[in-house]
Amino acid sequence: MFQPLLNIINYSRKVGTTVKLNYRLLIGKSIARLSPHRFYTNVVEPGNSEIDLNNLTEQLHSVYEQPLIHRLKLDHPVHMEPREVWLDSLSQVEPLRLGLVQLHPEVFSTAPRLDILAKCAEWQRWYRYINYDKVPSPGEIQKGGRKPWPQKGTGRARHGSRRSVLWKGGGHRKGPRGPTSYFYELSAEERALGLRVALSLKLAQNDLFIVDSLDIPFADRQLLIDLYSVRDWGPSVLYVGDTPESLSPAMEEALYSLKASIFMPLSGLNVYSMLKYDTLVLSLDCIDNLQQRLLYYKYRIYRNSSIRDYELELINSVFSLQTLAEKHPSD
Amino acid sequence: MYREIGKIIRKLPRVTLTNIREFEEAYKKKQKRGRGATRGRASGRGRQGLQHHGNLKPLGYMGGDNPTYIKVPKYLEFYRDMDHRRQYIPISLHRIQYLMDQGRLNPDQTVDLTTLVNVRGTTVFPAERQYGVQLVGRGTDIFQTRLNLEVQWVDGEDTIAAIERLGGVVTTGWYDITSLYWLVDPLGMFRHGSPIPRRTLPPYDAAEYYASPLNRGYLASTAEILEARRELASRRGYSLRDEGLARQWLEERKHRRQIYYGLEPGWIVNVKDRVILKPNHNELHDYYNT
């Protein structure tokens with residue numbers, strides 16, 4: 001436990017400043033039972049007698065005595081077990097295995113449907129693409145209404161307009177005609193499946209990591225660079241949090257200068273980005289929401305408009321987290 | 001299975017945008033209309049020739065006489081009673097055990113065709129003269145649940161023994177096509193606002209089947225079926241346990257006019273207002289329940 005402290009001392013900028021090891025920001029309801037310790041250390045030359053390192057390591061030890069297990073609250077098929085992943089932290093360079101996170105098997109271990117990934121990535125590329133090429137037809141070109149010279153007698157070829165396809169400066173019959181949209185819909189079920197497959201592949205290929213919060217001790221890109229090299233995270237890293245506010249200001253500043261690392265809120269999670277970025281880092285606060293929404297799109301049965309609302313409610317109540325009794329407490 | 005797949009995937013190259021591909025059907029050129037030699041202008045008659053200019057007769061045409069393929073009748077034995085023939089969709093004990101292992105079927109409740117269709121264990125199309133589900137014996141060696149099961153046909157003694165050996169109960173019941181529509185899609189039928197119909201009795205060629213305790217038919221009495229269970233057990237060499245529960249289940253079998261457990265024929269179920277309307281008049285009650 002000696003190590004973490006020394007690392008942070010090494011990354012300090014100025015001797016004499018106080019570095020707050022902000023363990024209070026190990027947020028998440030699963031960690032609420034920890035008392036909020038705040039560890040301060042004066043950044044000094046090594047060998048200073050003011051720091052009682054032994055005492056601090058003991059304190060650190062007591063904090064991490066209990067492993068933190070973020071359990072799966074959703075139902076899963078009986079024959080599939082939840083997948084377990086380390087709960088880590090960005091508060092230091094070395095991996096700090098705080099505990100475990102249980103992940104739903106139908107979201108994080110689906111079959112490796114590469115064709116679905118291809119479909120989703122292609123859809124993402126094409127559905128919002130508009131080709132603005134437009135070439136005027138002969139009728140759209142200014143002038144050209146008058147016959148340039150009489151039909152007979154001039155010795156020249158016969159023509160009806162100066163802007164026909166035959167002429168230089170004339171229009172085109174078969175050119176691109178105006179803004180063309182390539183919009184098409186991919187059903188919500190297919191897109192949700194694409195997300196599930198991408199998450200499963202990231203987990204299977206050791207590219208998925210879960211952190212307690214997207215916060216680093218201080219805004220320093222070198223911290224992240226060294227973190228990547230120690231933990232073997234790829235050159236490009238995608239951070240995902242529940243909301244835009246999940247990203248702390250320190251982290252935001254550090255990421256600003258790192259071109260290959262970006263943050264997106266959960267609503268921005270998409271197949272293309274997951275395939276583009278080598279490593280996927282999920283914040284703990286977005287796990288529950290993510291799994292619940294993806295499973296909803298897997299299990300909802302009827303999307304047919306001929307099914308009435310009350311029937312739909314009855315059917316989907318079997319697969320929703322809230323039973324009908326909870327929804328209508330008066331009945 | 002997915003754990004094994006995961007172990008393999010871990011060693012393969014990282015899946016990126018350059019590694020993924022759709023199935024080949026997506027990359028094949030789609031045939032479009034109006035691209036052939038005649039550019040869609042020849043009304044489908046091709047280019048020149050007798051096909052284009054002339055009056056080409058259909059195959060089998062005999063100059064106006066009754067063609068052979070119409071004149072000669074079909075071999076009657078193959079087609080006799082074709083409209084009255086019935087199909088029963090097979091469902092194996094293996095499949096039922098699989099559904100229970102997945103947690104889709106609950107053995108604490110009676111399993112009938114409505115339950116099986118709701119959990120998507122099977123699909124039945126009454127429109128195609130499928131009169132329900134037949135229990136098939138694949139999986140007798142791995143079946144290990146005590147279950148109260150209602151089907152429309154059972155393929156033989158082995159299957160019945162496989163269930164009863166574990167203390168379960170299997171029953172066969174006749175559902176005519178109208179009742180089957182109700183059985184298979186309850187919500188869709190409740191929406192019509194008509195009362196739950198009564199089941200008819202089986203036709204002449206099935207009456208004996210459903211009246212016989214050897215097939216565990218629903219028209220056989222509880223006593224007959226219990227006797228048949230004991231006889232089968234002694235012949236096969238297993239002992240029946242907890243006959244009390246089996247007797248209770250047999251007495252809870254559906255009435256011969258009843259389609260759903262807990263609902264009687266003649267009732268109107270209003271899903272929207274969560275209300276059931278029951279007929280008052282004696283005549284109606286007698287009609288629906290006898």
# chains A, B, ... in the order shown; residues from 1 in each chain; ligands from 1
>>> residues_around(residues="range 247-260 of chain B", least_positions_apart="6", cutoff="9 Å", atoms="only C-alpha atoms", output="ChimeraX atom specification")
/B:110,114,148,150,169-171,173-175,179-180,182-183,196-201,218-219,221-223,225-226,288-290
>>> interface_residues(of="chain B", to="chain A", cutoff="8 Å", atoms="only C-alpha atoms", output="list in words")
Tyr2, Arg3, Ile5, Gly6, Lys7, Ile9, Arg10, Lys11, Arg14, Val15, Thr16, Leu17, Ile20, Arg21, Glu22, Phe23, Asp101, Gln102, Gly103, Leu187, Val271 and Lys272 of chain B
>>> residues_around(residues="Tyr88 in chain B", least_positions_apart="6", cutoff="8 Å", atoms="only C-alpha atoms", output="ChimeraX atom specification")
/B:130-134,152-153
>>> closest_residue(among="B:Thr159, B:Leu166, B:Tyr61, B:Tyr238", to="Leu147 in chain B", atoms="only C-alpha atoms")
B:Leu166
>>> select_by_dssp(residues="range 247-304 of chain A", states="strand (DSSP E or B)", output="MDAnalysis selection string")
chainID A and resid 261:265 279:283
>>> select_by_dssp(residues="range 81-289 of chain B", states="helix (DSSP H, G or I)", output="MDAnalysis selection string")
chainID B and resid 82:84 93:101 113:118 126:128 157:164 177:184 186:190 204:211 213:215 222:236 243:251 282:289
>>> write_last_selection(atoms="C-alpha atoms", output="PDB file, in the first residue's frame")
ATOM      1  CA  MET B  82     -58.574 -33.959 -46.706  1.00  0.00           C
ATOM      2  CA  ASP B  83     -60.570 -31.081 -45.281  1.00  0.00           C
ATOM      3  CA  HIS B  84     -61.235 -32.969 -42.091  1.00  0.00           C
ATOM      4  CA  LEU B  93     -40.307 -33.762 -23.050  1.00  0.00           C
ATOM      5  CA  HIS B  94     -36.831 -32.524 -23.925  1.00  0.00           C
ATOM      6  CA  ARG B  95     -38.294 -29.177 -24.952  1.00  0.00           C
ATOM      7  CA  ILE B  96     -40.430 -28.922 -21.842  1.00  0.00           C
ATOM      8  CA  GLN B  97     -37.459 -29.652 -19.618  1.00  0.00           C
ATOM      9  CA  TYR B  98     -35.442 -27.062 -21.546  1.00  0.00           C
ATOM     10  CA  LEU B  99     -38.125 -24.428 -20.943  1.00  0.00           C
ATOM     11  CA  MET B 100     -38.183 -25.209 -17.253  1.00  0.00           C
ATOM     12  CA  ASP B 101     -34.400 -25.033 -17.004  1.00  0.00           C
ATOM     13  CA  LEU B 113     -51.349 -24.869 -24.328  1.00  0.00           C
ATOM     14  CA  THR B 114     -51.955 -21.232 -23.359  1.00  0.00           C
ATOM     15  CA  THR B 115     -48.956 -21.300 -21.051  1.00  0.00           C
ATOM     16  CA  LEU B 116     -46.775 -22.978 -23.645  1.00  0.00           C
ATOM     17  CA  VAL B 117     -47.648 -20.393 -26.254  1.00  0.00           C
ATOM     18  CA  ASN B 118     -47.171 -17.490 -23.837  1.00  0.00           C
ATOM     19  CA  PRO B 126     -55.507 -23.138 -35.804  1.00  0.00           C
ATOM     20  CA  ALA B 127     -56.061 -21.714 -39.284  1.00  0.00           C
ATOM     21  CA  GLU B 128     -53.906 -24.491 -40.700  1.00  0.00           C
ATOM     22  CA  GLU B 157     -47.241 -45.237 -23.071  1.00  0.00           C
ATOM     23  CA  ASP B 158     -43.553 -44.449 -22.779  1.00  0.00           C
ATOM     24  CA  THR B 159     -44.198 -40.719 -22.609  1.00  0.00           C
ATOM     25  CA  ILE B 160     -47.000 -41.106 -20.093  1.00  0.00           C
ATOM     26  CA  ALA B 161     -44.815 -43.348 -17.959  1.00  0.00           C
ATOM     27  CA  ALA B 162     -41.925 -40.856 -18.069  1.00  0.00           C
ATOM     28  CA  ILE B 163     -44.132 -38.198 -16.494  1.00  0.00           C
ATOM     29  CA  GLU B 164     -46.023 -40.360 -14.035  1.00  0.00           C
ATOM     30  CA  ILE B 177     -60.911 -24.977 -33.829  1.00  0.00           C
ATOM     31  CA  THR B 178     -62.939 -22.111 -32.340  1.00  0.00           C
ATOM     32  CA  SER B 179     -61.909 -23.011 -28.814  1.00  0.00           C
ATOM     33  CA  LEU B 180     -58.359 -23.380 -29.978  1.00  0.00           C
ATOM     34  CA  TYR B 181     -58.286 -19.826 -31.304  1.00  0.00           C
ATOM     35  CA  TRP B 182     -59.343 -18.710 -27.824  1.00  0.00           C
ATOM     36  CA  LEU B 183     -56.877 -20.991 -26.103  1.00  0.00           C
ATOM     37  CA  VAL B 184     -53.915 -19.828 -28.136  1.00  0.00           C
ATOM     38  CA  PRO B 186     -56.619 -15.075 -25.096  1.00  0.00           C
ATOM     39  CA  LEU B 187     -56.062 -11.335 -25.179  1.00  0.00           C
ATOM     40  CA  GLY B 188     -56.757 -11.100 -28.869  1.00  0.00           C
ATOM     41  CA  MET B 189     -60.060 -12.903 -28.415  1.00  0.00           C
ATOM     42  CA  PHE B 190     -61.114 -11.037 -25.278  1.00  0.00           C
ATOM     43  CA  TYR B 204     -66.576 -39.643 -34.044  1.00  0.00           C
ATOM     44  CA  ASP B 205     -63.003 -40.648 -34.822  1.00  0.00           C
ATOM     45  CA  ALA B 206     -61.567 -39.088 -31.653  1.00  0.00           C
ATOM     46  CA  ALA B 207     -64.298 -39.791 -29.125  1.00  0.00           C
ATOM     47  CA  GLU B 208     -62.897 -43.172 -28.168  1.00  0.00           C
ATOM     48  CA  TYR B 209     -59.416 -41.744 -27.728  1.00  0.00           C
ATOM     49  CA  TYR B 210     -60.500 -39.072 -25.279  1.00  0.00           C
ATOM     50  CA  ALA B 211     -62.856 -41.330 -23.376  1.00  0.00           C
ATOM     51  CA  PRO B 213     -58.099 -43.703 -19.460  1.00  0.00           C
ATOM     52  CA  LEU B 214     -55.183 -45.354 -21.249  1.00  0.00           C
ATOM     53  CA  ASN B 215     -54.680 -42.089 -23.142  1.00  0.00           C
ATOM     54  CA  THR B 222     -60.664 -39.764 -12.079  1.00  0.00           C
ATOM     55  CA  ALA B 223     -61.047 -43.276 -10.698  1.00  0.00           C
ATOM     56  CA  GLU B 224     -60.416 -44.869 -14.086  1.00  0.00           C
ATOM     57  CA  ILE B 225     -57.311 -42.817 -14.622  1.00  0.00           C
ATOM     58  CA  LEU B 226     -55.911 -43.574 -11.182  1.00  0.00           C
ATOM     59  CA  GLU B 227     -56.446 -47.265 -11.878  1.00  0.00           C
ATOM     60  CA  ALA B 228     -54.687 -46.955 -15.221  1.00  0.00           C
ATOM     61  CA  ARG B 229     -51.762 -45.151 -13.509  1.00  0.00           C
ATOM     62  CA  ARG B 230     -51.361 -47.957 -11.004  1.00  0.00           C
ATOM     63  CA  GLU B 231     -51.542 -50.550 -13.712  1.00  0.00           C
ATOM     64  CA  LEU B 232     -48.899 -48.816 -15.798  1.00  0.00           C
ATOM     65  CA  ALA B 233     -46.648 -48.401 -12.784  1.00  0.00           C
ATOM     66  CA  SER B 234     -46.831 -52.048 -11.866  1.00  0.00           C
ATOM     67  CA  ARG B 235     -46.196 -53.116 -15.456  1.00  0.00           C
ATOM     68  CA  ARG B 236     -43.230 -50.774 -15.889  1.00  0.00           C
ATOM     69  CA  GLU B 243     -51.077 -40.242  -5.168  1.00  0.00           C
ATOM     70  CA  GLY B 244     -52.915 -37.631  -3.141  1.00  0.00           C
ATOM     71  CA  LEU B 245     -51.427 -34.798  -5.175  1.00  0.00           C
ATOM     72  CA  ALA B 246     -52.113 -36.619  -8.425  1.00  0.00           C
ATOM     73  CA  ARG B 247     -55.739 -37.160  -7.389  1.00  0.00           C
ATOM     74  CA  GLN B 248     -56.041 -33.449  -6.528  1.00  0.00           C
ATOM     75  CA  TRP B 249     -54.641 -32.463  -9.900  1.00  0.00           C
ATOM     76  CA  LEU B 250     -56.942 -34.864 -11.707  1.00  0.00           C
ATOM     77  CA  GLU B 251     -59.943 -33.456  -9.924  1.00  0.00           C
ATOM     78  CA  ASN B 282     -80.459 -20.168 -16.155  1.00  0.00           C
ATOM     79  CA  GLU B 283     -80.854 -21.133 -19.774  1.00  0.00           C
ATOM     80  CA  LEU B 284     -77.601 -19.490 -20.706  1.00  0.00           C
ATOM     81  CA  HIS B 285     -75.872 -21.077 -17.758  1.00  0.00           C
ATOM     82  CA  ASP B 286     -77.182 -24.495 -18.747  1.00  0.00           C
ATOM     83  CA  TYR B 287     -76.210 -23.986 -22.355  1.00  0.00           C
ATOM     84  CA  TYR B 288     -72.658 -23.094 -21.524  1.00  0.00           C
ATOM     85  CA  ASN B 289     -72.016 -25.582 -18.794  1.00  0.00           C
TER      86      ASN B 289
END
>>> atom_distance(atom1="CA of Ser248 in chain A", atom2="CA of Asn289 in chain A")
19.9 Å
>>> residues_around(residues="Thr38 in chain B", least_positions_apart="3", cutoff="7 Å", atoms="only C-alpha atoms", output="PyMOL selection string")
chain B and resi 41-42+47
>>> write_last_selection(atoms="all heavy atoms", output="PDB file, in the first residue's frame")
ATOM      1  N   ARG B  41     -40.405  -2.207 -71.571  1.00  0.00           N
ATOM      2  CA  ARG B  41     -41.424  -1.632 -72.468  1.00  0.00           C
ATOM      3  C   ARG B  41     -42.224  -2.658 -73.229  1.00  0.00           C
ATOM      4  O   ARG B  41     -43.136  -2.303 -73.934  1.00  0.00           O
ATOM      5  CB  ARG B  41     -40.725  -0.763 -73.511  1.00  0.00           C
ATOM      6  CG  ARG B  41     -40.322   0.551 -72.976  1.00  0.00           C
ATOM      7  CD  ARG B  41     -39.440   1.236 -74.003  1.00  0.00           C
ATOM      8  NE  ARG B  41     -39.235   2.606 -73.649  1.00  0.00           N
ATOM      9  CZ  ARG B  41     -39.315   3.603 -74.514  1.00  0.00           C
ATOM     10  NH1 ARG B  41     -39.609   3.359 -75.771  1.00  0.00           N
ATOM     11  NH2 ARG B  41     -39.093   4.825 -74.118  1.00  0.00           N
ATOM     12  N   ALA B  42     -41.849  -3.924 -73.160  1.00  0.00           N
ATOM     13  CA  ALA B  42     -42.485  -4.917 -74.026  1.00  0.00           C
ATOM     14  C   ALA B  42     -43.607  -5.655 -73.318  1.00  0.00           C
ATOM     15  O   ALA B  42     -44.033  -6.696 -73.794  1.00  0.00           O
ATOM     16  CB  ALA B  42     -41.435  -5.901 -74.540  1.00  0.00           C
ATOM     17  N   ARG B  47     -38.764 -10.037 -76.834  1.00  0.00           N
ATOM     18  CA  ARG B  47     -38.453  -9.305 -78.061  1.00  0.00           C
ATOM     19  C   ARG B  47     -38.731 -10.161 -79.265  1.00  0.00           C
ATOM     20  O   ARG B  47     -38.204 -11.254 -79.390  1.00  0.00           O
ATOM     21  CB  ARG B  47     -36.974  -8.911 -78.015  1.00  0.00           C
ATOM     22  CG  ARG B  47     -36.539  -8.015 -79.114  1.00  0.00           C
ATOM     23  CD  ARG B  47     -35.425  -7.102 -78.695  1.00  0.00           C
ATOM     24  NE  ARG B  47     -35.936  -5.913 -78.039  1.00  0.00           N
ATOM     25  CZ  ARG B  47     -35.147  -4.957 -77.537  1.00  0.00           C
ATOM     26  NH1 ARG B  47     -33.849  -5.105 -77.558  1.00  0.00           N
ATOM     27  NH2 ARG B  47     -35.656  -3.912 -76.975  1.00  0.00           N
TER      28      ARG B  47
END
>>> residues_around(residues="Ala37 in chain B", least_positions_apart="2", cutoff="9 Å", atoms="only C-alpha atoms", output="PDB file with C-alpha atoms, in the first residue's frame")
ATOM      1  CA  GLY B  34     -36.785  -2.413 -66.113  1.00  0.00           C
ATOM      2  CA  ARG B  35     -33.065  -3.153 -66.653  1.00  0.00           C
ATOM      3  CA  ARG B  39     -36.117  -1.765 -70.712  1.00  0.00           C
ATOM      4  CA  GLY B  40     -39.548  -2.739 -69.349  1.00  0.00           C
ATOM      5  CA  GLY B  46     -39.861 -10.382 -74.725  1.00  0.00           C
ATOM      6  CA  ARG B  47     -38.453  -9.305 -78.061  1.00  0.00           C
TER       7      ARG B  47
END
>>> atom_distance(atom1="CA of Gly241 in chain A", atom2="CA of Leu224 in chain A")
17.2 Å
>>> atom_distance(atom1="CA of Asn55 in chain B", atom2="CA of Lys71 in chain B")
23.7 Å
>>> residues_around(residues="range 127-133 of chain A", least_positions_apart="4", cutoff="12 Å", atoms="only C-alpha atoms", output="PyMOL selection string")
chain A and resi 119-123+175-186
>>> write_last_selection(atoms="all heavy atoms", output="short mmCIF file (atom, residue, chain, number, x, y, z; two decimals), in the first residue's frame")
data_model
loop_
_atom_site.label_atom_id
_atom_site.label_comp_id
_atom_site.auth_asym_id
_atom_site.auth_seq_id
_atom_site.Cartn_x
_atom_site.Cartn_y
_atom_site.Cartn_z
N LYS A 119 -23.86 -3.93 -39.54
CA LYS A 119 -25.11 -3.26 -39.92
C LYS A 119 -25.30 -1.96 -39.16
O LYS A 119 -25.69 -0.94 -39.71
CB LYS A 119 -26.26 -4.21 -39.55
CG LYS A 119 -27.22 -4.50 -40.64
CD LYS A 119 -28.28 -5.46 -40.13
CE LYS A 119 -29.24 -5.76 -41.23
NZ LYS A 119 -30.22 -6.75 -40.84
N CYS A 120 -25.04 -2.01 -37.85
CA CYS A 120 -25.25 -0.82 -37.02
C CYS A 120 -24.25 0.27 -37.39
O CYS A 120 -24.62 1.45 -37.48
CB CYS A 120 -25.10 -1.17 -35.54
SG CYS A 120 -26.43 -2.17 -34.91
N ALA A 121 -22.99 -0.12 -37.61
CA ALA A 121 -21.99 0.89 -37.96
C ALA A 121 -22.32 1.54 -39.29
O ALA A 121 -22.21 2.76 -39.45
CB ALA A 121 -20.60 0.24 -38.00
N GLU A 122 -22.76 0.72 -40.23
CA GLU A 122 -23.12 1.27 -41.54
C GLU A 122 -24.31 2.19 -41.43
O GLU A 122 -24.36 3.27 -42.03
CB GLU A 122 -23.43 0.12 -42.50
CG GLU A 122 -23.57 0.57 -43.92
CD GLU A 122 -23.82 -0.59 -44.86
OE1 GLU A 122 -23.00 -1.52 -44.86
OE2 GLU A 122 -24.82 -0.55 -45.58
N TRP A 123 -25.29 1.79 -40.62
CA TRP A 123 -26.47 2.63 -40.44
C TRP A 123 -26.09 3.98 -39.86
O TRP A 123 -26.56 5.03 -40.32
CB TRP A 123 -27.46 1.92 -39.52
CG TRP A 123 -28.62 2.76 -39.13
CD1 TRP A 123 -29.70 3.06 -39.88
CD2 TRP A 123 -28.79 3.45 -37.89
NE1 TRP A 123 -30.55 3.88 -39.18
CE2 TRP A 123 -30.01 4.14 -37.96
CE3 TRP A 123 -28.03 3.55 -36.71
CZ2 TRP A 123 -30.50 4.91 -36.92
CZ3 TRP A 123 -28.51 4.31 -35.67
CH2 TRP A 123 -29.73 4.99 -35.78
N GLY A 175 -27.39 13.86 -64.42
CA GLY A 175 -26.53 14.18 -63.29
C GLY A 175 -27.22 14.01 -61.96
O GLY A 175 -28.41 13.69 -61.90
N PRO A 176 -26.48 14.22 -60.87
CA PRO A 176 -27.10 14.16 -59.54
C PRO A 176 -28.14 15.26 -59.39
O PRO A 176 -27.90 16.40 -59.77
CB PRO A 176 -25.93 14.37 -58.59
CG PRO A 176 -24.86 14.96 -59.40
CD PRO A 176 -25.04 14.52 -60.79
N ARG A 177 -29.27 14.91 -58.84
CA ARG A 177 -30.40 15.84 -58.81
C ARG A 177 -30.76 16.22 -57.39
O ARG A 177 -31.65 15.68 -56.79
CB ARG A 177 -31.60 15.19 -59.51
CG ARG A 177 -31.42 14.96 -60.98
CD ARG A 177 -31.23 16.23 -61.76
NE ARG A 177 -32.42 17.07 -61.63
CZ ARG A 177 -32.41 18.39 -61.69
NH1 ARG A 177 -31.29 19.05 -61.87
NH2 ARG A 177 -33.53 19.07 -61.57
N GLY A 178 -30.07 17.20 -56.94
CA GLY A 178 -30.54 17.78 -55.69
C GLY A 178 -30.11 17.00 -54.48
O GLY A 178 -29.52 15.95 -54.59
N PRO A 179 -30.42 17.54 -53.29
CA PRO A 179 -30.01 16.83 -52.08
C PRO A 179 -30.64 15.45 -52.05
O PRO A 179 -31.85 15.30 -52.20
CB PRO A 179 -30.57 17.70 -50.96
CG PRO A 179 -30.92 18.99 -51.55
CD PRO A 179 -31.17 18.76 -52.99
N THR A 180 -29.79 14.46 -51.87
CA THR A 180 -30.27 13.08 -51.79
C THR A 180 -30.04 12.59 -50.38
O THR A 180 -28.93 12.64 -49.86
CB THR A 180 -29.49 12.18 -52.76
OG1 THR A 180 -29.44 12.82 -54.02
CG2 THR A 180 -30.16 10.84 -52.91
N SER A 181 -31.09 12.09 -49.80
CA SER A 181 -30.97 11.58 -48.43
C SER A 181 -30.80 10.08 -48.47
O SER A 181 -31.39 9.39 -49.28
CB SER A 181 -32.24 11.94 -47.66
OG SER A 181 -32.42 11.04 -46.61
N TYR A 182 -29.98 9.56 -47.58
CA TYR A 182 -29.75 8.12 -47.47
C TYR A 182 -30.31 7.59 -46.16
O TYR A 182 -29.86 6.60 -45.62
CB TYR A 182 -28.25 7.82 -47.59
CG TYR A 182 -27.74 8.08 -48.98
CD1 TYR A 182 -27.42 9.35 -49.40
CD2 TYR A 182 -27.62 7.04 -49.89
CE1 TYR A 182 -26.98 9.60 -50.68
CE2 TYR A 182 -27.18 7.27 -51.17
CZ TYR A 182 -26.87 8.56 -51.56
OH TYR A 182 -26.44 8.79 -52.84
N PHE A 183 -31.34 8.29 -45.68
CA PHE A 183 -31.93 7.92 -44.40
C PHE A 183 -32.65 6.59 -44.51
O PHE A 183 -33.40 6.34 -45.45
CB PHE A 183 -32.92 8.99 -43.95
CG PHE A 183 -33.70 8.61 -42.74
CD1 PHE A 183 -33.15 8.76 -41.48
CD2 PHE A 183 -34.99 8.10 -42.85
CE1 PHE A 183 -33.85 8.41 -40.36
CE2 PHE A 183 -35.70 7.75 -41.73
CZ PHE A 183 -35.13 7.90 -40.47
N TYR A 184 -32.44 5.73 -43.56
CA TYR A 184 -33.29 4.54 -43.38
C TYR A 184 -33.28 4.20 -41.91
O TYR A 184 -32.41 4.60 -41.17
CB TYR A 184 -32.82 3.37 -44.24
CG TYR A 184 -31.46 2.81 -43.89
CD1 TYR A 184 -31.34 1.65 -43.13
CD2 TYR A 184 -30.30 3.41 -44.36
CE1 TYR A 184 -30.10 1.13 -42.82
CE2 TYR A 184 -29.07 2.89 -44.06
CZ TYR A 184 -28.97 1.75 -43.30
OH TYR A 184 -27.73 1.24 -43.01
N GLU A 185 -34.28 3.42 -41.51
CA GLU A 185 -34.41 3.08 -40.10
C GLU A 185 -33.92 1.69 -39.85
O GLU A 185 -34.12 0.79 -40.65
CB GLU A 185 -35.89 3.15 -39.68
CG GLU A 185 -36.29 4.51 -39.17
CD GLU A 185 -37.64 4.47 -38.46
OE1 GLU A 185 -37.88 3.53 -37.68
OE2 GLU A 185 -38.43 5.38 -38.73
N LEU A 186 -33.24 1.56 -38.74
CA LEU A 186 -32.89 0.24 -38.23
C LEU A 186 -33.68 0.10 -36.95
O LEU A 186 -33.71 1.00 -36.14
CB LEU A 186 -31.39 0.21 -37.93
CG LEU A 186 -30.62 -1.08 -38.02
CD1 LEU A 186 -30.78 -1.70 -39.38
CD2 LEU A 186 -29.17 -0.82 -37.73
#
